[in-house]
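K.L.:
I'm passing along final_22.csv; it holds CSV, C-alpha atoms and all ligand atoms.
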```
chain,number,residue,atom,x,y,z
A,1,SER,CA,125.9,117.0,1.9
A,2,ALA,CA,123.9,117.2,5.1
A,3,ALA,CA,120.7,117.5,3.1
A,4,GLU,CA,121.5,114.2,1.2
A,5,LYS,CA,121.9,112.5,4.6
A,6,GLY,CA,118.4,113.7,5.6
A,7,GLY,CA,119.7,115.3,8.8
A,8,TYR,CA,121.7,112.3,9.9
A,9,ASP,CA,125.5,112.5,10.5
A,10,TYR,CA,126.1,109.5,8.2
A,11,PHE,CA,124.4,107.8,5.3
A,12,MET,CA,124.7,104.6,7.3
A,13,LEU,CA,122.5,106.0,10.1
A,14,LYS,CA,120.0,107.2,7.5
A,15,GLU,CA,119.9,103.8,5.8
A,16,ILE,CA,119.5,101.9,9.1
A,17,ALA,CA,116.5,104.2,9.9
A,18,GLU,CA,115.0,103.6,6.4
A,19,GLN,CA,114.8,99.8,7.0
A,20,PRO,CA,111.1,99.6,7.9
A,21,LYS,CA,110.2,101.4,4.7
A,22,ALA,CA,112.7,99.4,2.6
A,23,VAL,CA,111.2,96.2,3.9
A,24,ALA,CA,107.6,97.4,3.3
A,25,ASP,CA,108.5,98.6,-0.2
A,26,THR,CA,110.0,95.3,-1.1
A,27,LEU,CA,106.8,93.5,-0.1
A,28,LEU,CA,104.6,96.0,-1.8
A,29,GLY,CA,102.4,94.6,-4.5
A,30,ARG,CA,103.8,91.1,-4.1
A,31,ILE,CA,101.2,89.7,-1.7
A,32,ASP,CA,97.6,89.9,-2.9
A,33,ALA,CA,94.5,90.5,-0.9
A,34,ALA,CA,94.0,86.7,-0.5
A,35,GLY,CA,97.5,86.4,1.0
A,36,SER,CA,99.1,84.7,-2.0
A,37,LEU,CA,102.3,85.7,-3.6
A,38,THR,CA,102.3,87.2,-7.1
A,39,LEU,CA,105.9,87.5,-8.4
A,40,ASP,CA,105.2,88.4,-12.0
A,41,GLU,CA,108.7,89.6,-12.5
A,42,VAL,CA,110.1,86.1,-11.9
A,43,ARG,CA,110.0,85.2,-15.5
A,44,ILE,CA,110.6,81.5,-14.9
A,45,SER,CA,107.4,79.7,-15.4
A,46,PRO,CA,105.7,77.8,-12.6
A,47,SER,CA,106.2,74.6,-14.6
A,48,GLU,CA,109.9,75.2,-14.8
A,49,LEU,CA,110.0,76.0,-11.1
A,50,ARG,CA,108.2,72.7,-10.4
A,51,GLU,CA,111.1,70.9,-12.3
A,52,VAL,CA,113.8,72.5,-10.1
A,53,ASP,CA,115.7,69.8,-8.2
A,54,LYS,CA,118.3,72.0,-6.6
A,55,VAL,CA,118.8,75.6,-5.6
A,56,VAL,CA,122.2,77.1,-5.6
A,57,ILE,CA,122.8,80.6,-4.1
A,58,VAL,CA,125.8,82.6,-5.0
A,59,ALA,CA,126.8,86.0,-3.5
A,60,CYS,CA,129.6,87.8,-1.6
A,61,GLY,CA,129.9,89.4,1.8
A,62,THR,CA,126.6,90.6,3.4
A,63,ALA,CA,124.6,89.2,0.4
A,64,PHE,CA,126.2,85.8,1.1
A,65,HIS,CA,124.9,86.0,4.6
A,66,ALA,CA,121.4,86.7,3.2
A,67,GLY,CA,121.9,83.5,1.1
A,68,LEU,CA,122.9,81.5,4.2
A,69,ILE,CA,119.6,82.5,5.8
A,70,ALA,CA,117.6,81.8,2.6
A,71,LYS,CA,118.9,78.2,2.7
A,72,TYR,CA,117.0,77.5,6.0
A,73,ALA,CA,113.8,79.0,4.5
A,74,ILE,CA,114.1,77.3,1.1
A,75,GLU,CA,114.8,73.8,2.4
A,76,HIS,CA,112.2,74.0,5.2
A,77,TRP,CA,109.4,75.5,3.1
A,78,THR,CA,110.0,73.7,-0.2
A,79,ARG,CA,112.1,70.6,0.6
A,80,ILE,CA,114.3,71.4,-2.4
A,81,PRO,CA,118.0,70.9,-1.5
A,82,CYS,CA,119.8,74.3,-1.4
A,83,GLU,CA,123.5,75.1,-1.4
A,84,VAL,CA,125.0,78.5,-0.7
A,85,GLU,CA,128.4,79.4,-2.0
A,86,LEU,CA,130.7,82.3,-2.0
A,87,ALA,CA,130.6,83.6,-5.5
A,88,SER,CA,134.4,83.8,-5.6
A,89,GLU,CA,134.8,80.1,-4.9
A,90,PHE,CA,131.9,78.8,-7.0
A,91,ARG,CA,133.1,78.3,-10.6
A,92,TYR,CA,136.6,77.3,-9.6
A,93,ARG,CA,135.4,74.0,-8.1
A,94,ASP,CA,133.6,72.8,-11.2
A,95,PRO,CA,130.1,72.8,-9.5
A,96,ILE,CA,127.5,70.3,-10.5
A,97,LEU,CA,124.8,72.2,-12.4
A,98,ASP,CA,122.3,71.5,-15.1
A,99,GLY,CA,118.9,72.6,-16.5
A,100,ARG,CA,117.1,71.6,-13.4
A,101,SER,CA,119.3,73.7,-11.1
A,102,LEU,CA,117.9,77.2,-10.1
A,103,VAL,CA,120.8,79.5,-9.4
A,104,ILE,CA,120.0,82.6,-7.3
A,105,ALA,CA,122.5,85.5,-7.5
A,106,ILE,CA,122.1,88.0,-4.7
A,107,SER,CA,123.7,91.5,-5.1
A,108,GLN,CA,122.9,95.0,-3.9
A,109,SER,CA,124.9,96.7,-6.6
A,110,GLY,CA,124.4,94.2,-9.4
A,111,GLU,CA,128.0,94.9,-10.5
A,112,THR,CA,130.0,92.6,-8.2
A,113,MET,CA,132.4,90.8,-10.5
A,114,ASP,CA,132.7,87.6,-8.5
A,115,THR,CA,128.9,87.2,-8.5
A,116,LEU,CA,128.7,88.0,-12.2
A,117,MET,CA,131.3,85.5,-13.1
A,118,ALA,CA,129.5,82.8,-11.0
A,119,LEU,CA,126.2,83.5,-12.8
A,120,ARG,CA,127.8,83.4,-16.2
A,121,HIS,CA,129.3,80.0,-15.3
A,122,ALA,CA,125.9,78.7,-14.2
A,123,ARG,CA,124.2,79.9,-17.4
A,124,GLU,CA,126.9,78.2,-19.5
A,125,GLN,CA,125.9,74.9,-17.7
A,126,GLY,CA,122.3,75.5,-18.8
A,127,SER,CA,121.0,76.5,-15.4
A,128,LYS,CA,118.4,79.3,-15.0
A,129,VAL,CA,119.5,82.3,-13.0
A,130,LEU,CA,117.3,84.5,-10.8
A,131,ALA,CA,118.9,87.7,-9.6
A,132,ILE,CA,117.9,89.4,-6.4
A,133,CYS,CA,119.2,92.9,-6.9
A,134,ASN,CA,118.8,96.5,-5.6
A,135,THR,CA,120.0,98.4,-8.7
A,136,ASN,CA,117.7,98.7,-11.7
A,137,GLY,CA,119.3,97.7,-15.0
A,138,SER,CA,122.7,96.8,-13.6
A,139,THR,CA,124.8,94.0,-15.1
A,140,ILE,CA,123.7,91.1,-12.9
A,141,PRO,CA,120.0,91.4,-13.5
A,142,ARG,CA,120.6,92.1,-17.2
A,143,GLU,CA,122.5,88.9,-17.6
A,144,SER,CA,120.1,86.8,-15.6
A,145,ASP,CA,116.9,84.9,-16.7
A,146,ALA,CA,114.8,86.8,-14.2
A,147,VAL,CA,115.1,89.3,-11.5
A,148,LEU,CA,113.4,90.1,-8.3
A,149,TYR,CA,114.3,93.7,-7.3
A,150,THR,CA,114.7,94.7,-3.7
A,151,HIS,CA,113.2,98.1,-3.2
A,152,ALA,CA,115.7,99.5,-0.6
A,153,GLY,CA,116.4,102.7,-2.6
A,154,PRO,CA,120.0,103.8,-3.2
A,155,GLU,CA,122.4,102.5,-0.5
A,156,VAL,CA,125.4,104.9,-0.3
A,157,ALA,CA,127.2,103.7,2.9
A,158,VAL,CA,129.8,101.1,2.1
A,159,ALA,CA,128.5,98.9,4.9
A,160,SER,CA,125.3,97.2,3.7
A,161,THR,CA,122.3,97.6,6.0
A,162,LYS,CA,118.9,98.2,4.4
A,163,ALA,CA,119.9,96.2,1.3
A,164,PHE,CA,120.5,93.2,3.5
A,165,LEU,CA,117.1,93.3,5.1
A,166,THR,CA,115.4,93.6,1.8
A,167,GLN,CA,117.6,90.8,0.4
A,168,LEU,CA,116.2,88.7,3.2
A,169,VAL,CA,112.6,89.7,2.3
A,170,ALA,CA,113.2,88.8,-1.3
A,171,CYS,CA,114.7,85.4,-0.3
A,172,TYR,CA,111.7,84.7,1.8
A,173,LEU,CA,109.4,85.6,-1.0
A,174,VAL,CA,111.2,83.4,-3.4
A,175,ALA,CA,111.2,80.5,-0.9
A,176,LEU,CA,107.5,81.0,-0.2
A,177,TYR,CA,106.7,81.3,-3.9
A,178,LEU,CA,108.6,78.1,-4.7
A,179,GLY,CA,106.5,76.4,-1.9
A,180,GLN,CA,103.3,77.9,-3.3
A,181,VAL,CA,103.9,76.8,-6.9
A,182,ARG,CA,105.0,73.4,-5.9
A,183,GLY,CA,102.2,72.9,-3.3
A,184,THR,CA,104.3,71.6,-0.5
A,185,LYS,CA,102.9,70.1,2.7
A,186,TRP,CA,103.7,73.3,4.5
A,187,GLY,CA,100.7,75.1,2.9
A,188,ASP,CA,99.2,76.3,6.2
A,189,GLU,CA,102.6,77.5,7.6
A,190,ILE,CA,103.3,79.3,4.4
A,191,GLY,CA,100.0,81.2,4.6
A,192,ALA,CA,100.8,82.2,8.2
A,193,VAL,CA,104.3,83.3,7.4
A,194,ILE,CA,103.1,85.4,4.5
A,195,ARG,CA,100.8,87.2,7.1
A,196,ASP,CA,103.7,87.6,9.5
A,197,LEU,CA,105.9,89.0,6.8
A,198,SER,CA,103.4,91.6,6.0
A,199,GLN,CA,103.6,92.9,9.6
A,200,ILE,CA,107.3,92.7,9.9
A,201,SER,CA,108.2,96.3,8.9
A,202,GLY,CA,106.4,97.5,12.1
A,203,GLU,CA,108.5,95.2,14.2
A,204,VAL,CA,111.7,96.5,12.6
A,205,GLU,CA,110.5,100.0,13.5
A,206,ARG,CA,110.0,98.9,17.1
A,207,VAL,CA,113.6,97.6,17.3
A,208,LEU,CA,114.9,100.9,16.0
A,209,ASP,CA,113.0,102.8,18.7
A,210,THR,CA,114.8,100.9,21.5
A,211,MET,CA,118.4,101.3,20.3
A,212,GLU,CA,119.8,103.8,22.9
A,213,PRO,CA,121.1,101.2,25.3
A,214,VAL,CA,122.9,99.4,22.4
A,215,ARG,CA,124.6,102.7,21.5
A,216,SER,CA,125.8,103.3,25.0
A,217,LEU,CA,127.0,99.7,25.3
A,218,ALA,CA,128.9,100.1,22.1
A,219,ARG,CA,130.6,103.3,23.3
A,220,SER,CA,131.6,101.5,26.5
A,221,LEU,CA,133.4,98.8,24.4
A,222,ALA,CA,135.4,101.2,22.2
A,223,ASP,CA,138.8,100.2,23.7
A,224,LYS,CA,138.3,96.5,23.2
A,225,ASN,CA,140.2,94.5,20.6
A,226,THR,CA,138.0,91.5,20.0
A,227,VAL,CA,134.2,90.8,20.0
A,228,LEU,CA,132.8,87.3,19.3
A,229,PHE,CA,129.3,86.6,18.0
A,230,LEU,CA,127.4,83.4,18.5
A,231,GLY,CA,124.2,82.1,17.0
A,232,ARG,CA,122.5,79.0,15.8
A,233,HIS,CA,120.1,78.1,13.1
A,234,VAL,CA,119.3,81.4,11.3
A,235,GLY,CA,121.0,83.2,14.2
A,236,TYR,CA,124.3,81.8,12.9
A,237,PRO,CA,124.4,83.9,9.7
A,238,VAL,CA,123.2,86.8,11.8
A,239,ALA,CA,126.3,86.3,14.0
A,240,LEU,CA,128.5,86.3,10.9
A,241,GLU,CA,126.9,89.5,9.7
A,242,GLY,CA,127.3,91.2,13.1
A,243,ALA,CA,131.0,90.2,13.0
A,244,LEU,CA,131.5,91.4,9.4
A,245,LYS,CA,129.9,94.8,10.2
A,246,LEU,CA,132.3,95.2,13.1
A,247,LYS,CA,135.3,94.3,11.0
A,248,GLU,CA,134.4,96.7,8.3
A,249,LEU,CA,133.4,99.7,10.4
A,250,ALA,CA,135.2,99.4,13.7
A,251,TYR,CA,138.4,97.6,12.4
A,252,MET,CA,138.1,95.2,15.3
A,253,HIS,CA,138.8,91.6,15.4
A,254,ALA,CA,135.4,90.0,15.3
A,255,GLU,CA,134.3,86.5,14.6
A,256,GLY,CA,131.0,84.8,14.2
A,257,PHE,CA,130.5,81.2,15.3
A,258,ALA,CA,127.8,78.6,15.2
A,259,ALA,CA,127.1,78.2,19.0
A,260,GLY,CA,127.2,74.4,18.7
A,261,GLU,CA,130.8,74.6,17.5
A,262,LEU,CA,132.0,76.4,20.6
A,263,LYS,CA,132.9,73.2,22.3
A,264,HIS,CA,134.8,72.0,19.2
A,265,GLY,CA,137.4,74.8,19.6
A,266,PRO,CA,136.4,78.4,19.8
A,267,ILE,CA,135.6,78.2,23.6
A,268,ALA,CA,139.3,78.3,24.1
A,269,LEU,CA,139.2,81.9,23.1
A,270,ILE,CA,136.9,82.9,26.0
A,271,GLU,CA,138.7,84.9,28.7
A,272,GLU,CA,137.9,87.4,31.4
A,273,ASP,CA,135.8,90.4,30.2
A,274,LEU,CA,135.7,89.3,26.5
A,275,PRO,CA,132.5,90.7,24.9
A,276,VAL,CA,130.5,87.9,23.4
A,277,VAL,CA,127.2,88.7,21.5
A,278,VAL,CA,124.8,85.8,21.5
A,279,VAL,CA,121.7,85.7,19.2
A,280,VAL,CA,119.1,83.6,21.0
A,281,PRO,CA,116.5,81.7,19.0
A,282,SER,CA,112.9,81.9,20.2
A,283,PRO,CA,112.0,79.8,23.2
A,284,ARG,CA,108.8,79.0,21.3
A,285,GLY,CA,109.2,77.0,18.0
A,286,ARG,CA,112.6,75.2,18.1
A,287,SER,CA,112.9,75.3,21.9
A,288,VAL,CA,115.6,72.6,21.9
A,289,LEU,CA,117.9,75.1,20.3
A,290,HIS,CA,116.9,77.7,22.7
A,291,ASP,CA,117.8,75.5,25.7
A,292,LYS,CA,121.1,74.6,24.1
A,293,ILE,CA,122.1,78.2,23.5
A,294,VAL,CA,121.2,79.1,27.1
A,295,SER,CA,123.7,76.5,28.3
A,296,ASN,CA,126.3,78.0,25.9
A,297,ILE,CA,125.7,81.4,27.5
A,298,GLN,CA,126.1,79.9,31.0
A,299,GLU,CA,129.3,78.2,29.9
A,300,ILE,CA,131.0,81.2,28.5
A,301,ARG,CA,129.9,83.4,31.3
A,302,ALA,CA,131.4,80.9,33.8
A,303,ARG,CA,134.7,81.5,32.0
A,304,GLY,CA,134.4,85.2,32.5
A,305,ALA,CA,132.9,86.4,29.2
A,306,ARG,CA,130.8,89.5,29.2
A,307,THR,CA,127.6,88.3,27.7
A,308,ILE,CA,125.6,90.5,25.4
A,309,VAL,CA,122.4,88.7,24.8
A,310,ILE,CA,119.9,89.4,22.0
A,311,ALA,CA,116.7,87.6,22.9
A,312,GLU,CA,113.0,87.7,22.2
A,313,GLU,CA,110.7,89.7,24.5
A,314,GLY,CA,109.3,87.5,27.2
A,315,ASP,CA,112.3,85.1,27.1
A,316,GLU,CA,113.1,85.0,30.9
A,317,ALA,CA,115.5,82.0,30.8
A,318,VAL,CA,118.3,84.2,29.5
A,319,VAL,CA,118.0,86.9,32.2
A,320,PRO,CA,120.3,85.4,34.9
A,321,TYR,CA,123.2,85.0,32.4
A,322,ALA,CA,123.0,88.2,30.4
A,323,ASP,CA,125.4,91.0,31.4
A,324,HIS,CA,123.6,93.1,28.8
A,325,LEU,CA,120.2,92.2,27.4
A,326,ILE,CA,118.9,93.5,24.1
A,327,ARG,CA,115.2,92.7,23.5
A,328,ILE,CA,113.7,92.0,20.0
A,329,PRO,CA,110.1,91.4,19.2
A,330,ALA,CA,108.8,87.8,18.9
A,331,THR,CA,108.7,86.6,15.2
A,332,PRO,CA,108.4,83.2,13.5
A,333,THR,CA,111.8,81.5,13.8
A,334,LEU,CA,112.8,81.9,10.2
A,335,LEU,CA,112.0,85.6,10.1
A,336,GLN,CA,114.0,86.5,13.3
A,337,PRO,CA,117.1,87.8,11.3
A,338,LEU,CA,115.0,90.7,10.1
A,339,VAL,CA,114.8,92.0,13.7
A,340,ALA,CA,118.0,90.5,15.2
A,341,THR,CA,120.4,92.1,12.7
A,342,VAL,CA,119.3,95.6,13.4
A,343,PRO,CA,120.9,96.0,16.9
A,344,LEU,CA,124.2,94.6,15.4
A,345,GLN,CA,124.2,97.3,12.7
A,346,VAL,CA,123.6,100.0,15.3
A,347,PHE,CA,126.3,98.5,17.5
A,348,ALA,CA,128.9,98.5,14.8
A,349,CYS,CA,128.1,102.0,13.6
A,350,GLU,CA,128.3,103.4,17.1
A,351,LEU,CA,131.6,101.6,17.8
A,352,ALA,CA,133.1,103.0,14.6
A,353,THR,CA,132.0,106.5,15.6
A,354,ALA,CA,133.4,106.1,19.1
A,355,ARG,CA,136.7,104.9,17.6
A,356,GLY,CA,136.8,107.9,15.3
A,357,ASN,CA,136.5,105.9,12.1
A,358,GLU,CA,135.0,107.0,8.9
A,359,VAL,CA,131.5,105.4,9.0
A,360,ASP,CA,130.4,105.7,5.4
A,361,GLN,CA,133.8,105.1,3.8
A,362,PRO,CA,135.7,102.5,5.8
A,363,ARG,CA,139.4,102.2,4.9
A,364,ASN,CA,140.4,99.8,2.1
A,365,LEU,CA,136.8,99.1,1.0
A,366,ALA,CA,134.7,100.0,-2.1
A,367,LYS,CA,131.0,100.0,-2.3
A,368,SER,CA,130.9,97.6,-5.2
A,369,VAL,CA,133.8,95.4,-6.0
A,370,THR,CA,134.0,95.3,-9.8
A,371,VAL,CA,137.2,93.3,-10.0
A,372,GLU,CA,137.6,89.5,-9.4
B,401,LIG,C1,128.8,94.7,3.2
B,401,LIG,O1,128.7,95.5,4.3
B,401,LIG,C2,129.9,94.9,2.2
B,401,LIG,N1,130.4,96.1,2.1
B,401,LIG,C3,130.1,93.8,1.2
B,401,LIG,O2,130.3,92.6,1.9
B,401,LIG,C4,129.0,93.5,0.1
B,401,LIG,O3,127.9,93.0,0.7
B,401,LIG,C5,129.6,92.6,-1.0
B,401,LIG,O4,130.7,93.2,-1.5
B,401,LIG,C6,128.5,92.3,-2.0
B,401,LIG,O5,128.1,93.4,-2.7
B,401,LIG,P1,126.9,93.4,-3.7
B,401,LIG,O6,125.7,93.1,-2.8
B,401,LIG,O7,126.8,94.8,-4.3
B,401,LIG,O8,127.1,92.3,-4.7
```
I need this file expressed as structure tokens, please.

P.N.:
Amino acid sequence: SAAEKGGYDYFMLKEIAEQPKAVADTLLGRIDAAGSLTLDEVRISPSELREVDKVVIVACGTAFHAGLIAKYAIEHWTRIPCEVELASEFRYRDPILDGRSLVIAISQSGETMDTLMALRHAREQGSKVLAICNTNGSTIPRESDAVLYTHAGPEVAVASTKAFLTQLVACYLVALYLGQVRGTKWGDEIGAVIRDLSQISGEVERVLDTMEPVRSLARSLADKNTVLFLGRHVGYPVALEGALKLKELAYMHAEGFAAGELKHGPIALIEEDLPVVVVVPSPRGRSVLHDKIVSNIQEIRARGARTIVIAEEGDEAVVPYADHLIRIPATPTLLQPLVATVPLQVFACELATARGNEVDQPRNLAKSVTVE
């Protein structure tokens, strides 16, 4: 009913708007006054966590994209090797697991059969499983050794939005916590990131306040057939997520690429007026990547693409090559997906509406996939 949707036309719009709160709620009580993490619910002891020699993340769909981003954070902050795998592929390739592997299963619903079967397989090999889940008491956390709940509140729309942002927050918390208990050399950086993370919900709010141009851009593209998404580093999984949202909601051909791969094939797809969304890393931090992606934007624009550029406030280098410029607040590199994903959600939702699609219940899809 309209009341359940809190005055919004669709649950998806309501859930996009709830993201600042969902993010803040997921952080609540997990960072103490001294700026350290307290994850009491992670019932895997610090000594066991110090023994971990490999992290393996299993998930499907949007939760898998959260896992891809988590890999960058885990490896950078903890120096523990991390693999991310689609849950549906995992157990069939006889993965190498033992008592020192920490398996993280990410699932909004906690009922996704592929993810459940992957975690059962991991436990059979003696690995500890930590679930990151949004649904209290669901099967995946019940069958795991420990759980870190995301506090997004119920997500009704089939397309995941607020659950994704909170999965990212939970992944960052786990990565930082692993870094904290293992005392890695990134001590100072970890402290700074914890402080930035506690401010991030306000930045998500700021992005939401500036979405009108994104909506009108989406409406103007309603008759297109294809949209491409490019990113690198953590912007690459963001590009994959932008493409998945567009497939699910707008039923358009959408693909996400690692920008560095363009020259290895996908650049052949670029043609006159093709919309290409580019997620640009911060010019601060890993500035080499920034420069490389600016040349990618130049290259595709020279071939006629219509460039839709998502870039940090104050990044002037992209201005000459952006047909449409979407600004996001400056964040530490690894946290950028929390702000960069939001415009892509709004974009897909508006395109779906403009194309007359059912936003909350896309065709052929179920909210949780309980068959393998
Ligand atoms: C996302 O928009 C999807 N509808 C889908 O990819 C989803 O993320 C996937 O099925 C995993 O679901 P889960 O998080 O409930 O396990």

K.L.:
Could you check which of A:His290, A:Lys247, A:Arg306, A:His264 is closest to ligand LIG 401 (chain B), using only C-alpha atoms and all ligand atoms?

P.N.:
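Of the candidates, the smallest distance to ligand LIG 401 (chain B) is held by A:Lys247.
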
K.L.:
If we count only C-alpha atoms, what is near Leu130 of chain A at a cut-off of 10 Å, once residues fewer than 6 positions away on the same chain are taken out, given as a ChimeraX atom specification?

P.N.:
/A:42-44,57,102-106,119,140-141,143-148,174

K.L.:
Just want the residues within 6 Å of ligand LIG 401 (chain B), written as number ranges by chain, counting all atoms listed in the file.

P.N.:
A: 60-63, 107-110, 112, 158-160, 367-369

K.L.:
I'd like to know which of A:Cys349, A:Ile69, A:Arg232, A:Asp188 is closest to Val294 of chain A, using all atoms listed in the file.

P.N.:
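When distances to Val294 of chain A are compared using all atoms listed in the file, the smallest one comes from A:Arg232.
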
K.L.:
Hey, can I get the axis-aligned box for segment 246-249 of chain A? All listed atoms, 3 Å padding on each side, centre and edge lengths in Å to one decimal, as lines of an AutoDock Vina configuration file.

P.N.:
```
center_x = 133.8
center_y = 97.0
center_z = 10.7
size_x = 9.0
size_y = 11.4
size_z = 10.8
```

K.L.:
So, counting only C-alpha atoms, which residue among A:Phe347, A:Tyr321, A:Tyr172, A:Tyr251 is closest to Lys71 of chain A?

P.N.:
A:Tyr172

K.L.:
I'd like to know which of A:Arg303, A:Gly285, A:Glu205, A:Leu244 is closest to Glu271 of chain A, using all atoms listed in the file.

P.N.:
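Ranking A:Arg303, A:Gly285, A:Glu205, A:Leu244 by distance to Glu271 of chain A, first place goes to A:Arg303.
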
K.L.:
Can you find the residues with an atom no farther than 7 Å from (125.1, 106.1, 5.7), counting all atoms listed in the file, and report them as number ranges by chain?

P.N.:
A: 10-15, 156-157, 360

K.L.:
Can you pull out the residues contacting segment 90-98 of chain A? Cut-off 10 Å, using all atoms listed in the file, and skip same-chain residues under 4 positions away; I want them as a PyMOL selection string.

P.N.:
chain A and resi 52-59+84-86+102-103+114-115+117-128

K.L.:
Find, counting only C-alpha atoms, the residue in A:Leu217, A:Val359, A:Ala330, A:Leu49 that gets nearest to Val181 of chain A.

P.N.:
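With only C-alpha atoms as the atom set, the closest residue is A:Leu49.
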
K.L.:
When you count all atoms listed in the file, which of these residues is closest to Glu255 of chain A: A:Ala34, A:Val346, A:Ala268, A:Ala239?

P.N.:
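When distances to Glu255 of chain A are compared using all atoms listed in the file, the smallest one comes from A:Ala239.
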
K.L.:
Taking 5 positions as the minimum chain separation for residues in the same chain, which residues sit within 8 Å of Gln345 of chain A when counting only C-alpha atoms? Answer as a count of residues only.

P.N.:
4

K.L.:
Give me, please, the distance in Å between atom CA of Ala243 of chain A and atom CA of Phe229 of chain A, quoted to one decimal.

P.N.:
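These atoms are spaced 6.4 Å apart.
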
K.L.:
Atom CA of Asn296 of chain A and atom CA of Leu274 of chain A are how many Å apart?

P.N.:
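Rounded to one decimal, the two atoms are 14.7 Å apart.
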
K.L.:
Rounded to one decimal place, report the atom CA of Ser138 of chain A-atom CA of His65 of chain A distance in Å.

P.N.:
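According to the coordinates, atom CA of Ser138 of chain A and atom CA of His65 of chain A are separated by 21.3 Å.
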
K.L.:
When you look at Asn357 of chain A with a cut-off of 12 Å (counting only C-alpha atoms), what residues show up, excluding the ones that are within fewer than 2 positions of it in the same chain? I need them as a list in words.

P.N.:
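Residues near the query, excluding close chain neighbours: Tyr10, Ala222, Leu246, Lys247, Glu248, Leu249, Ala250, Tyr251, Met252, Ala348, Cys349, Glu350, Leu351, Ala352, Thr353, Ala354, Arg355, Val359, Asp360, Gln361, Pro362 and Arg363 of chain A.
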
K.L.:
Please produce an output containing C-alpha atoms for each residue in the selection, written as a PDB file, keeping the file's coordinate frame.

P.N.:
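Done, and the output landed in part_36.pdb:
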```
ATOM      1  CA  TYR A  10     126.100 109.500   8.200  1.00  0.00           C
ATOM      2  CA  ALA A 222     135.400 101.200  22.200  1.00  0.00           C
ATOM      3  CA  LEU A 246     132.300  95.200  13.100  1.00  0.00           C
ATOM      4  CA  LYS A 247     135.300  94.300  11.000  1.00  0.00           C
ATOM      5  CA  GLU A 248     134.400  96.700   8.300  1.00  0.00           C
ATOM      6  CA  LEU A 249     133.400  99.700  10.400  1.00  0.00           C
ATOM      7  CA  ALA A 250     135.200  99.400  13.700  1.00  0.00           C
ATOM      8  CA  TYR A 251     138.400  97.600  12.400  1.00  0.00           C
ATOM      9  CA  MET A 252     138.100  95.200  15.300  1.00  0.00           C
ATOM     10  CA  ALA A 348     128.900  98.500  14.800  1.00  0.00           C
ATOM     11  CA  CYS A 349     128.100 102.000  13.600  1.00  0.00           C
ATOM     12  CA  GLU A 350     128.300 103.400  17.100  1.00  0.00           C
ATOM     13  CA  LEU A 351     131.600 101.600  17.800  1.00  0.00           C
ATOM     14  CA  ALA A 352     133.100 103.000  14.600  1.00  0.00           C
ATOM     15  CA  THR A 353     132.000 106.500  15.600  1.00  0.00           C
ATOM     16  CA  ALA A 354     133.400 106.100  19.100  1.00  0.00           C
ATOM     17  CA  ARG A 355     136.700 104.900  17.600  1.00  0.00           C
ATOM     18  CA  VAL A 359     131.500 105.400   9.000  1.00  0.00           C
ATOM     19  CA  ASP A 360     130.400 105.700   5.400  1.00  0.00           C
ATOM     20  CA  GLN A 361     133.800 105.100   3.800  1.00  0.00           C
ATOM     21  CA  PRO A 362     135.700 102.500   5.800  1.00  0.00           C
ATOM     22  CA  ARG A 363     139.400 102.200   4.900  1.00  0.00           C
TER      23      ARG A 363
END
```

K.L.:
Show me, as a list in words, the residues that have an atom within 10 Å of Ser201 of chain A when counting all atoms listed in the file, minus same-chain residues fewer than 3 positions from it.

P.N.:
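Residues near the query, excluding close chain neighbours: Gln19, Pro20, Lys21, Ala22, Val23, Ala24, Asp25, Leu27, Asp196, Leu197, Ser198, Val204, Glu205, Arg206, Leu338 and Val339 of chain A.
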